[in-house]
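Here the structure comes first, spelled out in structure tokens, and everything after it is commentary.
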Amino acid sequence: MEENIPDPGTQVAQVEEAVASIRERTQFQSQVGLILGTGLGQLTQEIDVEYRIPYESIPHCPVSTVESHGGELLLGTLRGAPVACMKGRVHVYEGYSARQVTFPVRVMAKLGIGSLLVSNACGCMNPDYRRGDVMLLSDHINLQGVNPLVGPNVDAWGPRFPDMSEPYDVELRQYAMQAAKANSIQLHEGVYVSVLGPSLETKAEYKFLRAIGADVVGMSTTPEVTVARHMNLRVMAVSVITDECFPDTLQPLTLEDVIEAAGIAEPKLAAIMSGVVEKLAQG
């Protein structure tokens, strides 16, 4: 996949233009960023929203082409913390570059967030997991074949070679575990592998992904997490398991199946995310 990568000055100018556009509407200062994936918009109902900004009204911001994704940046308060929430995201499989996919993360960082909480829908290869379960990411494997940091580095944003030995913040993961326990939610912890998509995997591919150490597979998250860490944001991510990818019993899957399973798990995700945000609000 070829990309015409803008020079560092242009990249910075585009982010600044997007931030300036938002600042024309509000001076709201966010503490926590949220990214809500496929069918996972329920958490927005708990946000005391002050501003709704459609993606298409933000300069240079990519717009989702997937029907199950919203397209708004929400600014408001959740459990006492000022948040910036991406209701819906875009993916590389839609034809966007990894740099475009992660553009909103750059913008949220410039809006003041210090932590980024990410959600996604995924399939599971771990035989101990089931449809409707939730998994806390302890690590990830990027098999998308792209990296949003390719090209000239913007030194003001982060180092040329950012460390990824601990992409998911240990303390935030502890907060998530505490929130799950407080709400009697079984929260797995494991490894997420991201693939390009949009086709789902074959039986042989599921066997391969499991063999290399992945518990679940999806088509997002790793680009956003990479950029967040590049900008020194603390990161936590939770996967909602929408399908069981066991080769010997594999069944055809539709988007409706994914959304239905996401709906089952949404209350769990909302409780965990809200609990983490509440802890961050308490300092």
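Every chain in the structure tokens has a letter given in the order shown (A, B, ...), and although residue numbers restart at 1 in each chain, ligands are simply numbered from 1 in the order shown.
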
Name all residues at most 7 Å from Pro82 (chain A) (count only C-alpha atoms; drop same-chain ones fewer than 4 positions away) and give them as a VMD selection string. chain A and resid 29 to 32 76 to 78

Show me, as a list in words, the residues that have an atom within 6 Å of Cys124 (chain A) when counting only C-alpha atoms, minus same-chain residues fewer than 5 positions from it. Asp215, Val216, Glu244 and Cys245 of chain A

May I have the residues from that selection written out with N, CA, C and O atoms, as a PDB file, in the first residue's frame?
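out_12.pdb, written as the output of this step:
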```
ATOM      1  N   ASP A 215      -4.422 -14.258  21.458  1.00  0.00           N
ATOM      2  CA  ASP A 215      -5.661 -14.768  22.053  1.00  0.00           C
ATOM      3  C   ASP A 215      -6.879 -14.320  21.265  1.00  0.00           C
ATOM      4  O   ASP A 215      -7.879 -15.036  21.188  1.00  0.00           O
ATOM      5  N   VAL A 216      -6.805 -13.095  20.707  1.00  0.00           N
ATOM      6  CA  VAL A 216      -7.914 -12.549  19.925  1.00  0.00           C
ATOM      7  C   VAL A 216      -7.356 -11.851  18.690  1.00  0.00           C
ATOM      8  O   VAL A 216      -6.171 -11.499  18.632  1.00  0.00           O
ATOM      9  N   GLU A 244     -16.395 -16.606  18.000  1.00  0.00           N
ATOM     10  CA  GLU A 244     -15.458 -17.653  18.406  1.00  0.00           C
ATOM     11  C   GLU A 244     -14.803 -18.235  17.162  1.00  0.00           C
ATOM     12  O   GLU A 244     -15.480 -18.766  16.283  1.00  0.00           O
ATOM     13  N   CYS A 245     -13.486 -18.124  17.092  1.00  0.00           N
ATOM     14  CA  CYS A 245     -12.733 -18.485  15.885  1.00  0.00           C
ATOM     15  C   CYS A 245     -11.966 -19.786  16.090  1.00  0.00           C
ATOM     16  O   CYS A 245     -10.749 -19.833  15.975  1.00  0.00           O
TER      17      CYS A 245
END
```

As an MDAnalysis selection string, please: the residues near region 37-51 of chain A (cut-off 8 Å, only C-alpha atoms, same-chain neighbours under 3 positions excluded). chainID A and resid 26 68:70 74:79 85 87:89 118:121 258:259 262:263 266:267 269:270 274

For a quick check of understanding, using only C-alpha atoms, which of A:Leu117, A:Val227, A:Val276, A:Ala204 has the smallest distance to Asn153 (chain A)?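 For Asn153 (chain A), the nearest of the given residues is A:Val227.
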
Skip Thr242 (chain A) itself and residues of its chain fewer than 4 positions away, then list as number ranges by chain all residues within 6 Å of it, counting only C-alpha atoms. A: 122-123, 131-132, 258, 261-262
